[in-house]
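Undergrad: Sharing final-v5.pdb (PDB, C-alpha atoms, pLDDT in the B column) below.
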ATOM      1  CA  MET I 985      24.642  16.597 -20.504  1.00 40.00           C
ATOM      2  CA  THR I 986      23.353  13.773 -22.695  1.00 50.00           C
ATOM      3  CA  ASN I 987      19.931  13.743 -24.292  1.00 54.00           C
ATOM      4  CA  LYS I 988      17.617  10.966 -23.163  1.00 61.00           C
ATOM      5  CA  TYR I 989      15.005   9.512 -25.471  1.00 68.00           C
ATOM      6  CA  LEU I 990      11.825   8.731 -23.545  1.00 73.00           C
ATOM      7  CA  ARG I 991       9.137   6.203 -24.333  1.00 79.00           C
ATOM      8  CA  ARG I 992       5.595   6.536 -22.969  1.00 82.00           C
ATOM      9  CA  VAL I 993       4.835   3.272 -21.175  1.00 85.00           C
ATOM     10  CA  PHE I 994       1.567   2.173 -19.566  1.00 88.00           C
ATOM     11  CA  VAL I 995       2.407   0.930 -16.055  1.00 89.00           C
ATOM     12  CA  TRP I 996      -0.492   1.160 -13.581  1.00 91.00           C
ATOM     13  CA  GLN I 997      -3.723  -0.487 -14.667  1.00 93.00           C
ATOM     14  CA  LEU I 998      -7.071   1.112 -13.824  1.00 95.00           C
ATOM     15  CA  PRO I 999      -7.895  -1.360 -10.993  1.00 95.00           C
ATOM     16  CA  VAL I1000      -4.547  -0.556  -9.324  1.00 95.00           C
ATOM     17  CA  ARG I1001      -5.190   3.177  -9.565  1.00 95.00           C
ATOM     18  CA  ILE I1002      -8.727   2.844  -8.209  1.00 96.00           C
ATOM     19  CA  TYR I1003      -7.440   0.672  -5.361  1.00 96.00           C
ATOM     20  CA  HIS I1004      -4.756   3.245  -4.542  1.00 96.00           C
ATOM     21  CA  TRP I1005      -7.152   6.183  -4.200  1.00 96.00           C
ATOM     22  CA  ILE I1006      -9.834   4.234  -2.340  1.00 97.00           C
ATOM     23  CA  ASN I1007      -7.127   3.019   0.014  1.00 96.00           C
ATOM     24  CA  ALA I1008      -5.765   6.544   0.503  1.00 96.00           C
ATOM     25  CA  LEU I1009      -9.229   7.943   1.266  1.00 97.00           C
ATOM     26  CA  SER I1010     -10.004   5.056   3.629  1.00 96.00           C
ATOM     27  CA  ILE I1011      -6.779   5.508   5.593  1.00 96.00           C
ATOM     28  CA  VAL I1012      -7.382   9.244   6.003  1.00 96.00           C
ATOM     29  CA  VAL I1013     -10.971   8.751   7.198  1.00 97.00           C
ATOM     30  CA  LEU I1014     -10.093   5.802   9.447  1.00 96.00           C
ATOM     31  CA  CYS I1015      -7.169   7.654  11.064  1.00 95.00           C
ATOM     32  CA  ILE I1016      -9.267  10.741  11.801  1.00 95.00           C
ATOM     33  CA  THR I1017     -12.311   8.871  13.105  1.00 95.00           C
ATOM     34  CA  GLY I1018     -10.139   6.334  14.927  1.00 94.00           C
ATOM     35  CA  TYR I1019      -8.219   9.065  16.731  1.00 93.00           C
ATOM     36  CA  ILE I1020     -11.510  10.661  17.815  1.00 92.00           C
ATOM     37  CA  ILE I1021     -12.712   7.284  19.124  1.00 91.00           C
ATOM     38  CA  ALA I1022      -9.489   6.870  21.118  1.00 88.00           C
ATOM     39  CA  HIS I1023      -9.450  10.492  22.374  1.00 87.00           C
ATOM     40  CA  PRO I1024     -13.009  11.870  22.173  1.00 84.00           C
ATOM     41  CA  PRO I1025     -13.162  15.642  22.643  1.00 81.00           C
ATOM     42  CA  ALA I1026     -15.587  17.179  25.134  1.00 74.00           C
ATOM     43  CA  PHE I1027     -18.111  19.534  23.530  1.00 69.00           C
ATOM     44  CA  GLN I1028     -19.932  22.026  25.725  1.00 65.00           C
ATOM     45  CA  GLN I1029     -23.550  22.384  24.586  1.00 66.00           C
ATOM     46  CA  GLY I1030     -26.920  23.076  26.125  1.00 64.00           C
ATOM     47  CA  THR I1031     -28.896  20.357  24.336  1.00 68.00           C
ATOM     48  CA  GLU I1032     -29.282  16.722  25.263  1.00 67.00           C
ATOM     49  CA  ALA I1033     -26.333  14.612  24.050  1.00 61.00           C
ATOM     50  CA  SER I1034     -28.653  12.098  22.364  1.00 63.00           C
ATOM     51  CA  PHE I1035     -29.996  14.856  20.094  1.00 68.00           C
ATOM     52  CA  SER I1036     -26.656  15.390  18.375  1.00 73.00           C
ATOM     53  CA  TYR I1037     -25.342  11.799  18.403  1.00 82.00           C
ATOM     54  CA  TRP I1038     -22.092  13.039  16.805  1.00 84.00           C
ATOM     55  CA  PHE I1039     -19.942  10.346  18.422  1.00 85.00           C
ATOM     56  CA  GLY I1040     -22.248   7.599  17.165  1.00 87.00           C
ATOM     57  CA  ILE I1041     -22.025   9.050  13.648  1.00 90.00           C
ATOM     58  CA  ASN I1042     -18.216   9.126  13.971  1.00 92.00           C
ATOM     59  CA  ARG I1043     -18.187   5.446  14.957  1.00 92.00           C
ATOM     60  CA  PHE I1044     -20.530   4.558  12.086  1.00 94.00           C
ATOM     61  CA  ILE I1045     -18.234   6.282   9.575  1.00 96.00           C
ATOM     62  CA  HIS I1046     -15.244   4.438  11.051  1.00 96.00           C
ATOM     63  CA  PHE I1047     -16.976   1.048  10.795  1.00 95.00           C
ATOM     64  CA  ALA I1048     -18.274   1.742   7.262  1.00 96.00           C
ATOM     65  CA  PHE I1049     -14.835   2.671   5.965  1.00 96.00           C
ATOM     66  CA  ALA I1050     -13.375  -0.355   7.768  1.00 96.00           C
ATOM     67  CA  TYR I1051     -15.472  -2.557   5.465  1.00 96.00           C
ATOM     68  CA  ILE I1052     -14.391  -0.527   2.427  1.00 97.00           C
ATOM     69  CA  PHE I1053     -10.767  -0.851   3.514  1.00 97.00           C
ATOM     70  CA  LEU I1054     -11.080  -4.626   4.037  1.00 96.00           C
ATOM     71  CA  PHE I1055     -12.741  -5.445   0.702  1.00 97.00           C
ATOM     72  CA  ASN I1056     -10.420  -3.074  -1.163  1.00 96.00           C
ATOM     73  CA  PHE I1057      -7.427  -4.838   0.411  1.00 96.00           C
ATOM     74  CA  ILE I1058      -8.794  -8.266  -0.520  1.00 96.00           C
ATOM     75  CA  PHE I1059      -9.254  -7.079  -4.092  1.00 96.00           C
ATOM     76  CA  ARG I1060      -5.620  -5.889  -4.240  1.00 95.00           C
ATOM     77  CA  LEU I1061      -4.411  -9.287  -3.048  1.00 94.00           C
ATOM     78  CA  TYR I1062      -6.452 -10.881  -5.832  1.00 95.00           C
ATOM     79  CA  TRP I1063      -5.104  -8.418  -8.418  1.00 94.00           C
ATOM     80  CA  GLY I1064      -1.581  -9.350  -7.393  1.00 92.00           C
ATOM     81  CA  PHE I1065      -2.184 -12.667  -9.183  1.00 93.00           C
ATOM     82  CA  VAL I1066      -4.180 -11.539 -12.237  1.00 93.00           C
ATOM     83  CA  GLY I1067      -2.802  -8.045 -12.921  1.00 89.00           C
ATOM     84  CA  ASN I1068       0.074  -7.069 -15.182  1.00 90.00           C
ATOM     85  CA  LYS I1069       3.731  -7.611 -14.269  1.00 87.00           C
ATOM     86  CA  HIS I1070       3.938  -4.300 -12.394  1.00 87.00           C
ATOM     87  CA  ALA I1071       1.057  -5.297 -10.101  1.00 89.00           C
ATOM     88  CA  ASN I1072       2.213  -8.893  -9.596  1.00 90.00           C
ATOM     89  CA  TRP I1073       3.118 -10.093  -6.098  1.00 90.00           C
ATOM     90  CA  HIS I1074       6.667 -10.912  -7.303  1.00 85.00           C
ATOM     91  CA  ASN I1075       7.394  -7.178  -7.083  1.00 85.00           C
ATOM     92  CA  PHE I1076       6.771  -7.196  -3.330  1.00 89.00           C
ATOM     93  CA  VAL I1077       8.179 -10.439  -1.928  1.00 87.00           C
ATOM     94  CA  PRO I1078      11.978 -10.983  -1.976  1.00 83.00           C
ATOM     95  CA  THR I1079      12.520 -14.271  -3.799  1.00 80.00           C
ATOM     96  CA  ASN I1080      16.160 -14.065  -4.946  1.00 79.00           C
ATOM     97  CA  ARG I1081      19.495 -12.327  -4.337  1.00 82.00           C
ATOM     98  CA  ALA I1082      18.925  -9.876  -7.181  1.00 81.00           C
ATOM     99  CA  PHE I1083      15.976  -8.471  -5.250  1.00 82.00           C
ATOM    100  CA  PHE I1084      18.175  -7.726  -2.216  1.00 83.00           C
ATOM    101  CA  ARG I1085      20.957  -6.276  -4.399  1.00 84.00           C
ATOM    102  CA  GLU I1086      18.502  -3.880  -5.982  1.00 82.00           C
ATOM    103  CA  MET I1087      17.204  -2.916  -2.542  1.00 84.00           C
ATOM    104  CA  TRP I1088      20.744  -2.003  -1.468  1.00 85.00           C
ATOM    105  CA  GLU I1089      21.279   0.035  -4.638  1.00 82.00           C
ATOM    106  CA  VAL I1090      18.128   2.047  -3.980  1.00 80.00           C
ATOM    107  CA  ILE I1091      19.112   2.577  -0.340  1.00 81.00           C
ATOM    108  CA  LYS I1092      22.478   3.995  -1.417  1.00 79.00           C
ATOM    109  CA  ILE I1093      20.778   6.413  -3.803  1.00 74.00           C
ATOM    110  CA  ASP I1094      17.672   7.460  -1.822  1.00 71.00           C
ATOM    111  CA  ILE I1095      19.047   7.401   1.730  1.00 70.00           C
ATOM    112  CA  LEU I1096      22.834   7.685   1.432  1.00 68.00           C
ATOM    113  CA  LEU I1097      22.399  10.121  -1.503  1.00 68.00           C
ATOM    114  CA  GLN I1098      25.161   8.795  -3.736  1.00 64.00           C
ATOM    115  CA  LYS I1099      25.118  11.278  -6.596  1.00 62.00           C
ATOM    116  CA  ASP I1100      27.256   9.204  -8.957  1.00 58.00           C
ATOM    117  CA  LYS I1101      24.697   6.413  -9.094  1.00 60.00           C
ATOM    118  CA  GLU I1102      21.302   6.154 -10.740  1.00 60.00           C
ATOM    119  CA  HIS I1103      18.710   3.407 -10.486  1.00 60.00           C
ATOM    120  CA  LEU I1104      15.700   3.495 -12.760  1.00 65.00           C
ATOM    121  CA  SER I1105      12.848   1.007 -12.739  1.00 73.00           C
ATOM    122  CA  VAL I1106       9.619   0.920 -14.685  1.00 77.00           C
ATOM    123  CA  GLY I1107       7.265  -0.123 -11.883  1.00 78.00           C
ATOM    124  CA  HIS I1108       8.161  -0.430  -8.212  1.00 83.00           C
ATOM    125  CA  ASN I1109      11.841  -0.707  -7.396  1.00 80.00           C
ATOM    126  CA  ALA I1110      12.801  -3.534  -5.043  1.00 83.00           C
ATOM    127  CA  LEU I1111      12.967  -1.370  -1.913  1.00 84.00           C
ATOM    128  CA  ALA I1112       9.561   0.198  -2.577  1.00 85.00           C
ATOM    129  CA  GLY I1113       8.085  -3.221  -3.302  1.00 88.00           C
ATOM    130  CA  PHE I1114       9.431  -4.675  -0.054  1.00 90.00           C
ATOM    131  CA  ILE I1115       8.151  -1.699   1.945  1.00 90.00           C
ATOM    132  CA  TYR I1116       4.721  -2.149   0.363  1.00 92.00           C
ATOM    133  CA  PHE I1117       4.890  -5.803   1.366  1.00 92.00           C
ATOM    134  CA  MET I1118       5.448  -4.717   4.984  1.00 93.00           C
ATOM    135  CA  VAL I1119       2.575  -2.266   4.615  1.00 94.00           C
ATOM    136  CA  PHE I1120       0.341  -5.098   3.359  1.00 94.00           C
ATOM    137  CA  LEU I1121       1.211  -7.016   6.517  1.00 95.00           C
ATOM    138  CA  ALA I1122       0.258  -3.943   8.555  1.00 95.00           C
ATOM    139  CA  PHE I1123      -3.024  -3.809   6.618  1.00 95.00           C
ATOM    140  CA  GLY I1124      -3.665  -7.391   7.710  1.00 94.00           C
ATOM    141  CA  VAL I1125      -2.873  -6.592  11.349  1.00 95.00           C
ATOM    142  CA  GLN I1126      -5.172  -3.568  11.251  1.00 95.00           C
ATOM    143  CA  CYS I1127      -8.028  -5.577   9.741  1.00 95.00           C
ATOM    144  CA  ILE I1128      -7.653  -8.436  12.213  1.00 95.00           C
ATOM    145  CA  THR I1129      -7.386  -6.206  15.301  1.00 95.00           C
ATOM    146  CA  GLY I1130     -10.098  -3.809  14.132  1.00 94.00           C
ATOM    147  CA  PHE I1131     -12.673  -6.474  13.343  1.00 95.00           C
ATOM    148  CA  GLY I1132     -11.606  -8.314  16.495  1.00 94.00           C
ATOM    149  CA  LEU I1133     -12.703  -5.267  18.484  1.00 93.00           C
ATOM    150  CA  TYR I1134     -15.832  -4.862  16.368  1.00 94.00           C
ATOM    151  CA  ALA I1135     -16.936  -8.509  16.745  1.00 92.00           C
ATOM    152  CA  ALA I1136     -18.437  -7.880  20.202  1.00 89.00           C
ATOM    153  CA  MET I1137     -20.617  -5.069  18.781  1.00 89.00           C
ATOM    154  CA  SER I1138     -21.982  -6.815  15.688  1.00 88.00           C
ATOM    155  CA  ASP I1139     -24.193  -9.824  15.053  1.00 88.00           C
ATOM    156  CA  TRP I1140     -23.240 -10.124  11.374  1.00 90.00           C
ATOM    157  CA  TRP I1141     -21.313 -13.251  10.391  1.00 92.00           C
ATOM    158  CA  LEU I1142     -18.286 -11.443   8.954  1.00 92.00           C
ATOM    159  CA  PRO I1143     -17.182  -9.629  12.151  1.00 91.00           C
ATOM    160  CA  GLN I1144     -17.958 -12.800  14.114  1.00 93.00           C
ATOM    161  CA  LEU I1145     -15.200 -14.543  12.144  1.00 93.00           C
ATOM    162  CA  PHE I1146     -12.787 -12.417  14.210  1.00 94.00           C
ATOM    163  CA  ALA I1147     -14.362 -13.133  17.619  1.00 92.00           C
ATOM    164  CA  TRP I1148     -11.329 -15.249  18.569  1.00 93.00           C
ATOM    165  CA  VAL I1149      -8.872 -12.374  18.138  1.00 93.00           C
ATOM    166  CA  PRO I1150      -9.267 -10.613  21.549  1.00 92.00           C
ATOM    167  CA  GLY I1151      -8.515 -13.843  23.394  1.00 91.00           C
ATOM    168  CA  LEU I1152      -5.377 -14.399  21.303  1.00 90.00           C
ATOM    169  CA  PHE I1153      -4.013 -10.942  22.141  1.00 88.00           C
ATOM    170  CA  GLY I1154      -4.956 -11.006  25.819  1.00 87.00           C
ATOM    171  CA  GLY I1155      -8.162  -8.969  25.714  1.00 90.00           C
ATOM    172  CA  ASP I1156      -9.585  -5.815  24.192  1.00 91.00           C
ATOM    173  CA  PHE I1157      -7.147  -3.452  25.924  1.00 92.00           C
ATOM    174  CA  ALA I1158      -4.023  -4.964  24.325  1.00 92.00           C
ATOM    175  CA  LEU I1159      -5.864  -5.330  21.018  1.00 93.00           C
ATOM    176  CA  ARG I1160      -6.856  -1.658  21.067  1.00 93.00           C
ATOM    177  CA  GLN I1161      -3.259  -0.618  21.762  1.00 93.00           C
ATOM    178  CA  ILE I1162      -1.955  -2.612  18.792  1.00 94.00           C
ATOM    179  CA  HIS I1163      -4.699  -1.176  16.591  1.00 94.00           C
ATOM    180  CA  HIS I1164      -3.843   2.364  17.695  1.00 93.00           C
ATOM    181  CA  ILE I1165      -0.066   1.954  17.253  1.00 94.00           C
ATOM    182  CA  THR I1166      -0.580   0.570  13.744  1.00 94.00           C
ATOM    183  CA  MET I1167      -2.576   3.690  12.914  1.00 94.00           C
ATOM    184  CA  TRP I1168       0.513   5.817  13.651  1.00 94.00           C
ATOM    185  CA  PHE I1169       2.548   3.512  11.420  1.00 94.00           C
ATOM    186  CA  PHE I1170       0.205   4.366   8.547  1.00 94.00           C
ATOM    187  CA  ILE I1171       0.519   8.083   9.264  1.00 94.00           C
ATOM    188  CA  LEU I1172       4.327   7.867   9.246  1.00 94.00           C
ATOM    189  CA  PHE I1173       4.343   5.745   6.098  1.00 93.00           C
ATOM    190  CA  SER I1174       2.023   8.168   4.291  1.00 93.00           C
ATOM    191  CA  ILE I1175       4.311  11.121   5.031  1.00 93.00           C
ATOM    192  CA  ILE I1176       7.418   9.292   3.760  1.00 89.00           C
ATOM    193  CA  HIS I1177       5.528   7.858   0.772  1.00 91.00           C
ATOM    194  CA  ILE I1178       4.278  11.253  -0.425  1.00 92.00           C
ATOM    195  CA  TYR I1179       7.731  12.794   0.032  1.00 89.00           C
ATOM    196  CA  LEU I1180       9.481  10.063  -1.991  1.00 85.00           C
ATOM    197  CA  VAL I1181       6.918  10.220  -4.800  1.00 88.00           C
ATOM    198  CA  PHE I1182       7.516  13.942  -5.277  1.00 89.00           C
ATOM    199  CA  TYR I1183      11.268  13.476  -4.770  1.00 82.00           C
ATOM    200  CA  HIS I1184      11.571  10.895  -7.553  1.00 80.00           C
ATOM    201  CA  ASP I1185       9.246  12.896  -9.779  1.00 83.00           C
ATOM    202  CA  TYR I1186      11.476  15.961  -9.385  1.00 82.00           C
ATOM    203  CA  VAL I1187      14.803  14.120  -9.733  1.00 76.00           C
ATOM    204  CA  GLU I1188      13.891  11.687 -12.514  1.00 75.00           C
ATOM    205  CA  GLY I1189      11.183  13.635 -14.358  1.00 76.00           C
ATOM    206  CA  ARG I1190       9.389  10.491 -15.460  1.00 79.00           C
ATOM    207  CA  GLY I1191       5.806  11.333 -14.463  1.00 83.00           C
ATOM    208  CA  GLU I1192       5.898   9.501 -11.123  1.00 84.00           C
ATOM    209  CA  THR I1193       3.103  11.582  -9.600  1.00 87.00           C
ATOM    210  CA  SER I1194       0.760  11.679 -12.600  1.00 89.00           C
ATOM    211  CA  SER I1195       1.225   7.948 -13.293  1.00 90.00           C
ATOM    212  CA  ILE I1196      -1.089   6.966 -10.427  1.00 91.00           C
ATOM    213  CA  ILE I1197      -3.804   9.087 -12.081  1.00 91.00           C
ATOM    214  CA  GLY I1198      -3.352   8.266 -15.757  1.00 91.00           C
ATOM    215  CA  GLY I1199      -1.279   5.090 -15.495  1.00 90.00           C
ATOM    216  CA  TRP I1200       1.520   6.242 -17.832  1.00 89.00           C
ATOM    217  CA  LYS I1201       5.216   6.849 -17.168  1.00 86.00           C
ATOM    218  CA  PHE I1202       8.007   8.145 -19.373  1.00 83.00           C
ATOM    219  CA  ILE I1203      10.813   5.586 -19.477  1.00 79.00           C
ATOM    220  CA  GLU I1204      14.304   5.948 -20.923  1.00 71.00           C
ATOM    221  CA  GLU I1205      14.629   3.996 -24.153  1.00 64.00           C
ATOM    222  CA  GLU I1206      17.572   1.944 -22.841  1.00 60.00           C
ATOM    223  CA  VAL I1207      15.679   0.981 -19.680  1.00 55.00           C
ATOM    224  CA  PHE I1208      12.705  -0.141 -21.736  1.00 55.00           C
ATOM    225  CA  GLU I1209      14.889  -2.170 -24.084  1.00 59.00           C
ATOM    226  CA  LYS I1210      16.732  -3.806 -21.180  1.00 60.00           C
ATOM    227  CA  GLU I1211      13.478  -4.859 -19.540  1.00 62.00           C
ATOM    228  CA  ARG I1212      12.192  -6.245 -22.858  1.00 62.00           C
ATOM    229  CA  GLU I1213      15.392  -8.266 -23.307  1.00 64.00           C
ATOM    230  CA  GLU I1214      15.079  -9.665 -19.774  1.00 63.00           C
ATOM    231  CA  LYS I1215      11.462 -10.624 -20.454  1.00 62.00           C
ATOM    232  CA  ALA I1216      12.455 -12.333 -23.719  1.00 65.00           C
ATOM    233  CA  ALA I1217      15.225 -14.250 -21.924  1.00 67.00           C
ATOM    234  CA  ILE I1218      12.769 -15.480 -19.282  1.00 63.00           C
ATOM    235  CA  GLN I1219      10.295 -16.591 -21.944  1.00 65.00           C
ATOM    236  CA  LYS I1220      13.071 -18.400 -23.817  1.00 68.00           C
ATOM    237  CA  LYS I1221      14.172 -20.185 -20.646  1.00 67.00           C
ATOM    238  CA  GLU I1222      10.592 -21.260 -19.874  1.00 62.00           C
ATOM    239  CA  THR I1223      10.173 -22.532 -23.451  1.00 66.00           C
ATOM    240  CA  GLU I1224      13.387 -24.558 -23.195  1.00 66.00           C
ATOM    241  CA  GLU I1225      12.268 -26.072 -19.883  1.00 63.00           C
ATOM    242  CA  VAL I1226       8.916 -27.093 -21.402  1.00 58.00           C
ATOM    243  CA  THR I1227      10.685 -28.595 -24.435  1.00 66.00           C
ATOM    244  CA  GLN I1228      13.097 -30.572 -22.278  1.00 65.00           C
ATOM    245  CA  ALA I1229      10.219 -31.855 -20.129  1.00 59.00           C
TER     246      ALA I1229
END
Please, can you express the file's structure as structure tokens?

TA:
Amino acid sequence: MTNKYLRRVFVWQLPVRIYHWINALSIVVLCITGYIIAHPPAFQQGTEASFSYWFGINRFIHFAFAYIFLFNFIFRLYWGFVGNKHANWHNFVPTNRAFFREMWEVIKIDILLQKDKEHLSVGHNALAGFIYFMVFLAFGVQCITGFGLYAAMSDWWLPQLFAWVPGLFGGDFALRQIHHITMWFFILFSIIHIYLVFYHDYVEGRGETSSIIGGWKFIEEEVFEKEREEKAAIQKKETEEVTQA
């Protein structure tokens, strides 16, 4: 067994961490309230239904967190352009063959469980980044379908921007089905996401779980040096291109 020298590296900026936890809370609340809206339970009580108004409160909570979810998502898209290199959109969209090669390497280690291989990355690995990209697309679908359903119940200008959505999807029934199915996608993703975070934290011991709270990871010295060399090479190439131009 060889000793590994670790360097404490700041990875996740505060806006990314705040976005993550607001997003997590929003998804939990939206899934619970959304499921109740789709399958409302019958409560036996002796008082007039209008006195309790519990279903109306449930709908209000769902709509309120829908706005929080939307604006939080918009902020994350913005931060993908102004944040550090670990938050940049390049980590999520496949733009070259190296991205796909890294995805295959991670698949062999995480899914096929090849014990003789090891892949370490500072921020998101390529497979995680691509999955998050697909999740971002699902976020967009959920926002469009949700506010498309809400447009008929609100006079505010923002929901009215989505008034065209029901007609595009063939009416509210089909739109509601898509919205409901996407909710189950989020539930499945959350289960796998939490499992993999704890799995990598246990196997690699690099502070994967605590990093989304404090922002810091513990990176092997050689991994850090390799990433710094790659960054220097990119900067040198960009400088040469500017000089030649």

Undergrad: I'd like the contact shell of Phe1049 of chain I - 8 Å cut-off, only C-alpha atoms, skipping same-chain residues fewer than 3 positions apart - returned as JSON, numbers by chain.

TA: {"I": [1010, 1013, 1014, 1045, 1046, 1052, 1053]}

Undergrad: Between I:Gly1018, I:Pro999, I:Gly1191, I:Gly1124, which has the minimum distance to Val1106 of chain I (counting only C-alpha atoms)?

TA: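 Nearest to Val1106 of chain I: I:Gly1191.
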
Undergrad: One number please: atom CA of Met1137 of chain I to atom CA of Phe1044 of chain I, in Å, one decimal.

TA: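 Atom CA of Phe1044 of chain I lies 11.7 Å from atom CA of Met1137 of chain I.
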
Undergrad: So what do you get for atom CA of Ile1203 of chain I versus atom CA of Thr1079 of chain I, distance-wise?

TA: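 Answer for the atom CA of Ile1203 of chain I to atom CA of Thr1079 of chain I separation: 25.4 Å.
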
Undergrad: Any idea what the distance is between atom CA of Ile1128 of chain I and atom CA of Ala1008 of chain I?

TA: 19.1 Å

Undergrad: Which residues are close to segment 1192-1197 of chain I, i.e. within 7 Å by all atoms listed in the file, leaving aside same-chain residues fewer than 4 positions away? Reply as an MDAnalysis selection string.

TA: chainID I and resid 996 1001 1181:1182 1184:1185 1201

Undergrad: Identify, on the basis of all atoms listed in the file, every residue whose closest approach to segment 1086-1091 of chain I does not exceed 8 Å; exclude the query and any residue fewer than 2 positions from it along the same chain; express the result as a PyMOL selection string.

TA: chain I and resi 1082-1084+1093-1096+1103+1109-1111

Undergrad: Using C-alpha atoms, can you export the residues from the last selection as a PDB file, in the coordinates of the input?

TA:
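So selection-v4.pdb came out as:
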ATOM      1  CA  ALA I1082      18.925  -9.876  -7.181  1.00 81.00           C
ATOM      2  CA  PHE I1083      15.976  -8.471  -5.250  1.00 82.00           C
ATOM      3  CA  PHE I1084      18.175  -7.726  -2.216  1.00 83.00           C
ATOM      4  CA  ILE I1093      20.778   6.413  -3.803  1.00 74.00           C
ATOM      5  CA  ASP I1094      17.672   7.460  -1.822  1.00 71.00           C
ATOM      6  CA  ILE I1095      19.047   7.401   1.730  1.00 70.00           C
ATOM      7  CA  LEU I1096      22.834   7.685   1.432  1.00 68.00           C
ATOM      8  CA  HIS I1103      18.710   3.407 -10.486  1.00 60.00           C
ATOM      9  CA  ASN I1109      11.841  -0.707  -7.396  1.00 80.00           C
ATOM     10  CA  ALA I1110      12.801  -3.534  -5.043  1.00 83.00           C
ATOM     11  CA  LEU I1111      12.967  -1.370  -1.913  1.00 84.00           C
TER      12      LEU I1111
END

Undergrad: Would you mind listing what lies within 12 Å of Phe1173 of chain I as a list in words, with only C-alpha atoms counted and same-chain residues fewer than 3 positions away left out?

TA: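 Near Phe1173 of chain I, the qualifying residues are Ala1008, Ile1011, Ala1112, Ile1115, Tyr1116, Met1118, Val1119, Phe1120, Ala1122, Thr1166, Met1167, Trp1168, Phe1169, Phe1170, Ile1176, His1177, Ile1178, Tyr1179 and Leu1180 of chain I.
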
Undergrad: For each of I:His1074, I:Arg1160, I:Arg1060, I:His1108, take the minimum atom-to-atom distance to Phe1131 of chain I, counting only C-alpha atoms, then give the residue where this is smallest.

TA: I:Arg1160

Undergrad: Could you state which residues are captured by the PyMOL selection byres ((chain I and resi 1072) around 12) in this file, as a list of chain:residue names?

TA: I:Val995, I:Trp996, I:Gln997, I:Val1000, I:Arg1060, I:Leu1061, I:Tyr1062, I:Trp1063, I:Gly1064, I:Phe1065, I:Val1066, I:Gly1067, I:Asn1068, I:Lys1069, I:His1070, I:Ala1071, I:Trp1073, I:His1074, I:Asn1075, I:Phe1076, I:Val1077, I:Gly1107, I:His1108, I:Gly1113, I:Phe1117

Undergrad: Counting all atoms listed in the file, which of I:Arg1085, I:Arg1190, I:His1164, I:Ile1175 gets nearest to His1023 of chain I?

TA: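 Closest to His1023 of chain I, using all atoms listed in the file: I:His1164.
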
Undergrad: Please identify every residue of segment 1023-1134 of chain I that has at least one atom no farther than 12 Å from an atom of segment 1145-1155 of chain I, counting all atoms listed in the file, and for each give the shortest atom pair and the distance in Å to one decimal, arranged by chain then increasing number, as CSV.

TA:
residue,atom,partner,partner_atom,distance
I:Val1125,CA,I:Val1149,CA,10.7
I:Gln1126,CA,I:Val1149,CA,11.8
I:Cys1127,CA,I:Phe1146,CA,9.5
I:Ile1128,CA,I:Phe1146,CA,6.8
I:Thr1129,CA,I:Val1149,CA,6.9
I:Gly1130,CA,I:Phe1146,CA,9.0
I:Phe1131,CA,I:Phe1146,CA,6.0
I:Gly1132,CA,I:Phe1146,CA,4.8
I:Leu1133,CA,I:Pro1150,CA,7.1
I:Tyr1134,CA,I:Phe1146,CA,8.4

Undergrad: Since the input lacks atoms, please generate N, CA and C atoms for segment 1149-1159 of chain I and provide them as a PDB file, in the coordinates of the input.

TA:
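Result file out28.pdb:
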ATOM      1  N   VAL I1149     -10.070 -13.214  18.113  1.00 93.00           N
ATOM      2  CA  VAL I1149      -8.872 -12.374  18.138  1.00 93.00           C
ATOM      3  C   VAL I1149      -8.585 -11.774  19.519  1.00 93.00           C
ATOM      4  N   PRO I1150      -9.584 -11.194  20.242  1.00 92.00           N
ATOM      5  CA  PRO I1150      -9.267 -10.613  21.549  1.00 92.00           C
ATOM      6  C   PRO I1150      -8.624 -11.602  22.518  1.00 92.00           C
ATOM      7  N   GLY I1151      -9.099 -12.840  22.510  1.00 91.00           N
ATOM      8  CA  GLY I1151      -8.515 -13.843  23.394  1.00 91.00           C
ATOM      9  C   GLY I1151      -7.068 -14.158  23.047  1.00 91.00           C
ATOM     10  N   LEU I1152      -6.739 -14.119  21.745  1.00 90.00           N
ATOM     11  CA  LEU I1152      -5.377 -14.399  21.303  1.00 90.00           C
ATOM     12  C   LEU I1152      -4.410 -13.314  21.758  1.00 90.00           C
ATOM     13  N   PHE I1153      -4.873 -12.058  21.785  1.00 88.00           N
ATOM     14  CA  PHE I1153      -4.013 -10.942  22.141  1.00 88.00           C
ATOM     15  C   PHE I1153      -4.119 -10.544  23.613  1.00 88.00           C
ATOM     16  N   GLY I1154      -4.871 -11.302  24.394  1.00 87.00           N
ATOM     17  CA  GLY I1154      -4.956 -11.006  25.819  1.00 87.00           C
ATOM     18  C   GLY I1154      -6.039 -10.029  26.207  1.00 87.00           C
ATOM     19  N   GLY I1155      -7.048  -9.847  25.375  1.00 90.00           N
ATOM     20  CA  GLY I1155      -8.162  -8.969  25.714  1.00 90.00           C
ATOM     21  C   GLY I1155      -8.238  -7.737  24.845  1.00 90.00           C
ATOM     22  N   ASP I1156      -9.337  -6.993  25.025  1.00 91.00           N
ATOM     23  CA  ASP I1156      -9.585  -5.815  24.192  1.00 91.00           C
ATOM     24  C   ASP I1156      -8.572  -4.699  24.423  1.00 91.00           C
ATOM     25  N   PHE I1157      -8.065  -4.565  25.644  1.00 92.00           N
ATOM     26  CA  PHE I1157      -7.147  -3.452  25.924  1.00 92.00           C
ATOM     27  C   PHE I1157      -5.872  -3.575  25.083  1.00 92.00           C
ATOM     28  N   ALA I1158      -5.246  -4.755  25.112  1.00 92.00           N
ATOM     29  CA  ALA I1158      -4.023  -4.964  24.325  1.00 92.00           C
ATOM     30  C   ALA I1158      -4.325  -4.864  22.832  1.00 92.00           C
ATOM     31  N   LEU I1159      -5.476  -5.374  22.425  1.00 93.00           N
ATOM     32  CA  LEU I1159      -5.864  -5.330  21.018  1.00 93.00           C
ATOM     33  C   LEU I1159      -6.039  -3.880  20.555  1.00 93.00           C
TER      34      LEU I1159
END
